[in-house]
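Working notes for the structure below.
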Amino acid sequence: AATQTLFSLVLAARAAALSTGDEEARATIRGFEERVASALQELRGLVHALRPKSLERDGLAATLADHVEALRTSGVRIVLDAADGVRLPLETEHALLRIAQEALNNAMRHASGSSVRVTLRSGAKSVTLRIHDDGPGFDIAALPRTRRGMGLATMRERAQEIGARIEIRGRAGGGTTVTVSLASEARG
């Protein structure tokens with residue numbers, strides 16, 4: 001119901017912007033339309049995140065594919081390269097899924113319009129999850145502590161809980177990459 005209401009608001013704002021001759025009012029209404037459309041996109045992602053495919057039944061690769069597909073329907077350009085057959089303890093897969101969801105949410109929020117690539121690979125000694133966007137990027141060290149946000153801290157905590165190494169790299173003009181590596185002895 002909430003998504004329907006937001007969708008209706010997007011359409012109403014679009015119609016209102018087209019019907020006015022006042023340029024200042026039109027710009028304000030278009031800004032409202034953009035904010036509502038962004039909220040709609042975020043709500044769709046949140047709704048999907050609450051009901052992911054069963055990790056226990058389908059595994060991380062299939063669950064990531066389902067999540068990525070849901071985000072694509074809202075206009076996000078995402079490429080998923082996930083190796084089938086990657087199976088980890090359920091707690092580990094859950095943590096990796098939540099890290100991927102947070103990284104994707106950050107890309108949608110801060111790198112709107114960029115393309116995103118999600119890669120999941122399993123080697124003889126490790127599993128690696130990488131989320132890279134080609135957005136504006138940022139220098140994490142240059143960010144004031146108050147702007148580093150809960151999302152980055154939460155991703156780090158989840159990685160630490162499963163014994164994984166996480167690296168978050170951003171470069172102004174060069175996008176952002178989140179890489180989570182899990183050594184074979186931590187895989188269970």
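Quick note on naming: the chains in the structure tokens go A, B, ... in the order shown, residues restart at 1 in each chain, and ligands are numbered from 1 in order of appearance.
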
Dump as CSV the rows for residues of segment 109-166 of chain A within 7 Å of segment 77-90 of chain A: closest atom pair and distance in Å with one decimal, only C-alpha atoms counted, ordered by chain and rising residue number.
residue,atom,partner,partner_atom,distance
A:Ser115,CA,A:Arg77,CA,4.9
A:Val116,CA,A:Ile78,CA,4.7
A:Arg117,CA,A:Val79,CA,4.7
A:Val118,CA,A:Leu80,CA,4.8
A:Thr119,CA,A:Asp81,CA,4.7
A:Leu120,CA,A:Ala82,CA,4.5
A:Arg121,CA,A:Ala83,CA,5.7
A:Ser122,CA,A:Val86,CA,6.3

Which neighbours of Ala164 of chain A fall inside 9 Å, counting only C-alpha atoms, when residues of the same chain fewer than 4 positions from it are skipped, and could you give them as a count of residues only? 8

Which residues are near Thr3 of chain A? Cut-off 9 Å, only C-alpha atoms, ignore same chain within fewer than 5 positions. Put them as a CSV table (one decimal) with N, CA and C atoms, in the first residue's frame.
chain,number,residue,atom,x,y,z
A,8,SER,N,1.6,7.0,-6.6
A,8,SER,CA,0.6,8.0,-7.0
A,8,SER,C,1.1,9.4,-6.8
A,40,LEU,N,10.4,5.9,-3.0
A,40,LEU,CA,9.7,4.8,-3.5
A,40,LEU,C,10.8,3.7,-3.8
A,41,GLN,N,11.8,4.1,-4.5
A,41,GLN,CA,12.9,3.1,-4.8
A,41,GLN,C,13.5,2.5,-3.5
A,43,LEU,N,12.1,2.2,-0.6
A,43,LEU,CA,11.1,1.4,0.1
A,43,LEU,C,10.9,0.0,-0.6
A,44,ARG,N,11.0,0.0,-1.9
A,44,ARG,CA,10.9,-1.3,-2.7
A,44,ARG,C,12.1,-2.2,-2.3

I want to know what sits within 8 Å of Ala17 of chain A, based on only C-alpha atoms, with residues of the same chain fewer than 2 positions away left out; could you give that as a PyMOL selection string? chain A and resi 13-15+19-20+25-27+29-30

Suppose we keep N, CA, C and O atoms; can you now write the selection as a PDB file, in the first residue's frame?
ATOM      1  N   ALA A  13       2.733  14.620  -8.762  1.00  0.00           N
ATOM      2  CA  ALA A  13       3.731  15.689  -8.841  1.00  0.00           C
ATOM      3  C   ALA A  13       4.113  15.965 -10.286  1.00  0.00           C
ATOM      4  O   ALA A  13       4.244  17.124 -10.707  1.00  0.00           O
ATOM      5  N   ARG A  14       4.266  14.904 -11.068  1.00  0.00           N
ATOM      6  CA  ARG A  14       4.609  15.067 -12.490  1.00  0.00           C
ATOM      7  C   ARG A  14       3.513  15.856 -13.209  1.00  0.00           C
ATOM      8  O   ARG A  14       3.797  16.778 -13.981  1.00  0.00           O
ATOM      9  N   ALA A  15       2.264  15.505 -12.930  1.00  0.00           N
ATOM     10  CA  ALA A  15       1.137  16.201 -13.558  1.00  0.00           C
ATOM     11  C   ALA A  15       1.087  17.659 -13.112  1.00  0.00           C
ATOM     12  O   ALA A  15       0.843  18.564 -13.932  1.00  0.00           O
ATOM     13  N   SER A  19       1.442  21.144 -15.388  1.00  0.00           N
ATOM     14  CA  SER A  19       0.276  22.028 -15.509  1.00  0.00           C
ATOM     15  C   SER A  19       0.534  23.464 -15.084  1.00  0.00           C
ATOM     16  O   SER A  19      -0.313  24.321 -15.306  1.00  0.00           O
ATOM     17  N   THR A  20       1.684  23.727 -14.497  1.00  0.00           N
ATOM     18  CA  THR A  20       1.937  25.092 -14.041  1.00  0.00           C
ATOM     19  C   THR A  20       2.837  25.839 -15.019  1.00  0.00           C
ATOM     20  O   THR A  20       3.724  25.253 -15.635  1.00  0.00           O
ATOM     21  N   ALA A  25       7.711  27.347  -9.267  1.00  0.00           N
ATOM     22  CA  ALA A  25       6.829  26.294  -8.745  1.00  0.00           C
ATOM     23  C   ALA A  25       7.130  24.966  -9.429  1.00  0.00           C
ATOM     24  O   ALA A  25       7.172  23.919  -8.780  1.00  0.00           O
ATOM     25  N   ARG A  26       7.353  25.003 -10.737  1.00  0.00           N
ATOM     26  CA  ARG A  26       7.664  23.777 -11.483  1.00  0.00           C
ATOM     27  C   ARG A  26       8.941  23.135 -10.939  1.00  0.00           C
ATOM     28  O   ARG A  26       9.005  21.922 -10.739  1.00  0.00           O
ATOM     29  N   ALA A  27       9.959  23.926 -10.692  1.00  0.00           N
ATOM     30  CA  ALA A  27      11.227  23.392 -10.168  1.00  0.00           C
ATOM     31  C   ALA A  27      11.028  22.789  -8.782  1.00  0.00           C
ATOM     32  O   ALA A  27      11.570  21.716  -8.476  1.00  0.00           O
ATOM     33  N   ILE A  29       8.215  21.537  -7.559  1.00  0.00           N
ATOM     34  CA  ILE A  29       7.417  20.313  -7.714  1.00  0.00           C
ATOM     35  C   ILE A  29       8.280  19.182  -8.279  1.00  0.00           C
ATOM     36  O   ILE A  29       8.171  18.034  -7.842  1.00  0.00           O
ATOM     37  N   ARG A  30       9.145  19.488  -9.216  1.00  0.00           N
ATOM     38  CA  ARG A  30      10.036  18.451  -9.765  1.00  0.00           C
ATOM     39  C   ARG A  30      10.989  17.929  -8.687  1.00  0.00           C
ATOM     40  O   ARG A  30      11.299  16.747  -8.648  1.00  0.00           O
TER      41      ARG A  30
END

Pairwise distance, atom CA of Gly75 of chain A with atom CA of Glu167 of chain A, equals 27.2 Å

Can you pull out every residue from chain A that DSSP, working from the backbone, puts in alpha helix (DSSP H), and format the result as an MDAnalysis selection string? chainID A and resid 2:19 23:50 55:72 90:110 149:161

Which residue is closest to Thr179 of chain A? Choose from A:Ser112, A:Gly137, A:Thr154, A:Ala103 and count only C-alpha atoms.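 Of all the options, A:Ala103 lies closest to Thr179 of chain A.
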
Residues near Glu102 of chain A, cut-off 12 Å, only C-alpha atoms, skip fewer than 5 positions along chain, as a PDB file with N, CA and C atoms, in the first residue's frame:
ATOM      1  N   GLU A  42      13.770   3.293  -2.556  1.00  0.00           N
ATOM      2  CA  GLU A  42      14.338   2.782  -1.310  1.00  0.00           C
ATOM      3  C   GLU A  42      13.356   1.860  -0.590  1.00  0.00           C
ATOM      4  N   GLY A  45      13.288  -1.555  -2.142  1.00  0.00           N
ATOM      5  CA  GLY A  45      14.461  -2.318  -1.719  1.00  0.00           C
ATOM      6  C   GLY A  45      14.323  -2.841  -0.304  1.00  0.00           C
ATOM      7  N   LEU A  46      13.782  -2.019   0.586  1.00  0.00           N
ATOM      8  CA  LEU A  46      13.599  -2.443   1.973  1.00  0.00           C
ATOM      9  C   LEU A  46      12.578  -3.565   2.088  1.00  0.00           C
ATOM     10  N   ALA A  49      14.224  -6.636   0.998  1.00  0.00           N
ATOM     11  CA  ALA A  49      15.226  -7.099   1.957  1.00  0.00           C
ATOM     12  C   ALA A  49      14.586  -7.826   3.138  1.00  0.00           C
ATOM     13  N   HIS A  67      17.793 -10.336  -5.134  1.00  0.00           N
ATOM     14  CA  HIS A  67      17.854  -8.957  -4.635  1.00  0.00           C
ATOM     15  C   HIS A  67      18.240  -7.989  -5.764  1.00  0.00           C
ATOM     16  N   ALA A  95      25.302 -12.657   6.908  1.00  0.00           N
ATOM     17  CA  ALA A  95      26.135 -11.464   7.106  1.00  0.00           C
ATOM     18  C   ALA A  95      26.600 -10.906   5.761  1.00  0.00           C
ATOM     19  N   LEU A  96      27.027 -11.784   4.847  1.00  0.00           N
ATOM     20  CA  LEU A  96      27.475 -11.328   3.527  1.00  0.00           C
ATOM     21  C   LEU A  96      26.321 -10.694   2.742  1.00  0.00           C
ATOM     22  N   LEU A  97      25.137 -11.277   2.844  1.00  0.00           N
ATOM     23  CA  LEU A  97      23.971 -10.701   2.171  1.00  0.00           C
ATOM     24  C   LEU A  97      23.696  -9.298   2.700  1.00  0.00           C
ATOM     25  N   ALA A 107      25.316   2.714  -2.754  1.00  0.00           N
ATOM     26  CA  ALA A 107      25.551   3.063  -4.155  1.00  0.00           C
ATOM     27  C   ALA A 107      24.329   3.756  -4.739  1.00  0.00           C
ATOM     28  N   MET A 108      23.143   3.257  -4.414  1.00  0.00           N
ATOM     29  CA  MET A 108      21.917   3.873  -4.918  1.00  0.00           C
ATOM     30  C   MET A 108      21.742   5.287  -4.374  1.00  0.00           C
ATOM     31  N   ARG A 109      22.110   5.485  -3.122  1.00  0.00           N
ATOM     32  CA  ARG A 109      21.908   6.776  -2.465  1.00  0.00           C
ATOM     33  C   ARG A 109      22.974   7.794  -2.877  1.00  0.00           C
ATOM     34  N   HIS A 110      24.234   7.375  -2.922  1.00  0.00           N
ATOM     35  CA  HIS A 110      25.320   8.319  -3.121  1.00  0.00           C
ATOM     36  C   HIS A 110      25.901   8.329  -4.529  1.00  0.00           C
ATOM     37  N   ILE A 131      31.503  -5.334  -4.239  1.00  0.00           N
ATOM     38  CA  ILE A 131      30.480  -4.455  -4.791  1.00  0.00           C
ATOM     39  C   ILE A 131      31.200  -3.187  -5.232  1.00  0.00           C
ATOM     40  N   GLY A 149      28.868   7.543   8.890  1.00  0.00           N
ATOM     41  CA  GLY A 149      27.598   6.840   8.879  1.00  0.00           C
ATOM     42  C   GLY A 149      27.568   5.469   9.519  1.00  0.00           C
ATOM     43  N   MET A 150      26.349   5.096   9.851  1.00  0.00           N
ATOM     44  CA  MET A 150      26.100   3.798  10.456  1.00  0.00           C
ATOM     45  C   MET A 150      26.321   2.669   9.468  1.00  0.00           C
ATOM     46  N   GLY A 151      26.041   2.907   8.193  1.00  0.00           N
ATOM     47  CA  GLY A 151      26.160   1.857   7.191  1.00  0.00           C
ATOM     48  C   GLY A 151      27.562   1.284   7.104  1.00  0.00           C
ATOM     49  N   LEU A 152      28.566   2.164   7.074  1.00  0.00           N
ATOM     50  CA  LEU A 152      29.951   1.693   7.005  1.00  0.00           C
ATOM     51  C   LEU A 152      30.325   0.933   8.268  1.00  0.00           C
ATOM     52  N   ALA A 153      29.913   1.458   9.410  1.00  0.00           N
ATOM     53  CA  ALA A 153      30.214   0.789  10.683  1.00  0.00           C
ATOM     54  C   ALA A 153      29.520  -0.565  10.767  1.00  0.00           C
ATOM     55  N   THR A 154      28.288  -0.630  10.319  1.00  0.00           N
ATOM     56  CA  THR A 154      27.537  -1.891  10.358  1.00  0.00           C
ATOM     57  C   THR A 154      28.173  -2.938   9.450  1.00  0.00           C
ATOM     58  N   MET A 155      28.608  -2.524   8.254  1.00  0.00           N
ATOM     59  CA  MET A 155      29.275  -3.472   7.363  1.00  0.00           C
ATOM     60  C   MET A 155      30.538  -4.021   8.026  1.00  0.00           C
ATOM     61  N   ARG A 156      31.291  -3.154   8.663  1.00  0.00           N
ATOM     62  CA  ARG A 156      32.527  -3.601   9.332  1.00  0.00           C
ATOM     63  C   ARG A 156      32.217  -4.567  10.480  1.00  0.00           C
ATOM     64  N   ARG A 158      29.579  -6.534  10.823  1.00  0.00           N
ATOM     65  CA  ARG A 158      29.123  -7.820  10.279  1.00  0.00           C
ATOM     66  C   ARG A 158      30.308  -8.648   9.769  1.00  0.00           C
ATOM     67  N   VAL A 178      33.565  -2.030  -2.195  1.00  0.00           N
ATOM     68  CA  VAL A 178      33.517  -2.738  -0.917  1.00  0.00           C
ATOM     69  C   VAL A 178      33.919  -4.176  -1.220  1.00  0.00           C
TER      70      VAL A 178
END

Looking only at the backbone, which of the residues in segment 46-86 of chain A does DSSP tag as strand (DSSP E), as number ranges by chain? A: 77-82

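In terms of minimum interatomic distance to Arg165 of chain A, A:Thr128 ranks closest within A:Thr5, A:Thr177, A:Thr128, A:Thr28, counting only C-alpha atoms.
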
How far is it from atom CA of Val76 of chain A to atom CA of Asp58 of chain A, in Å with one decimal? 23.8 Å
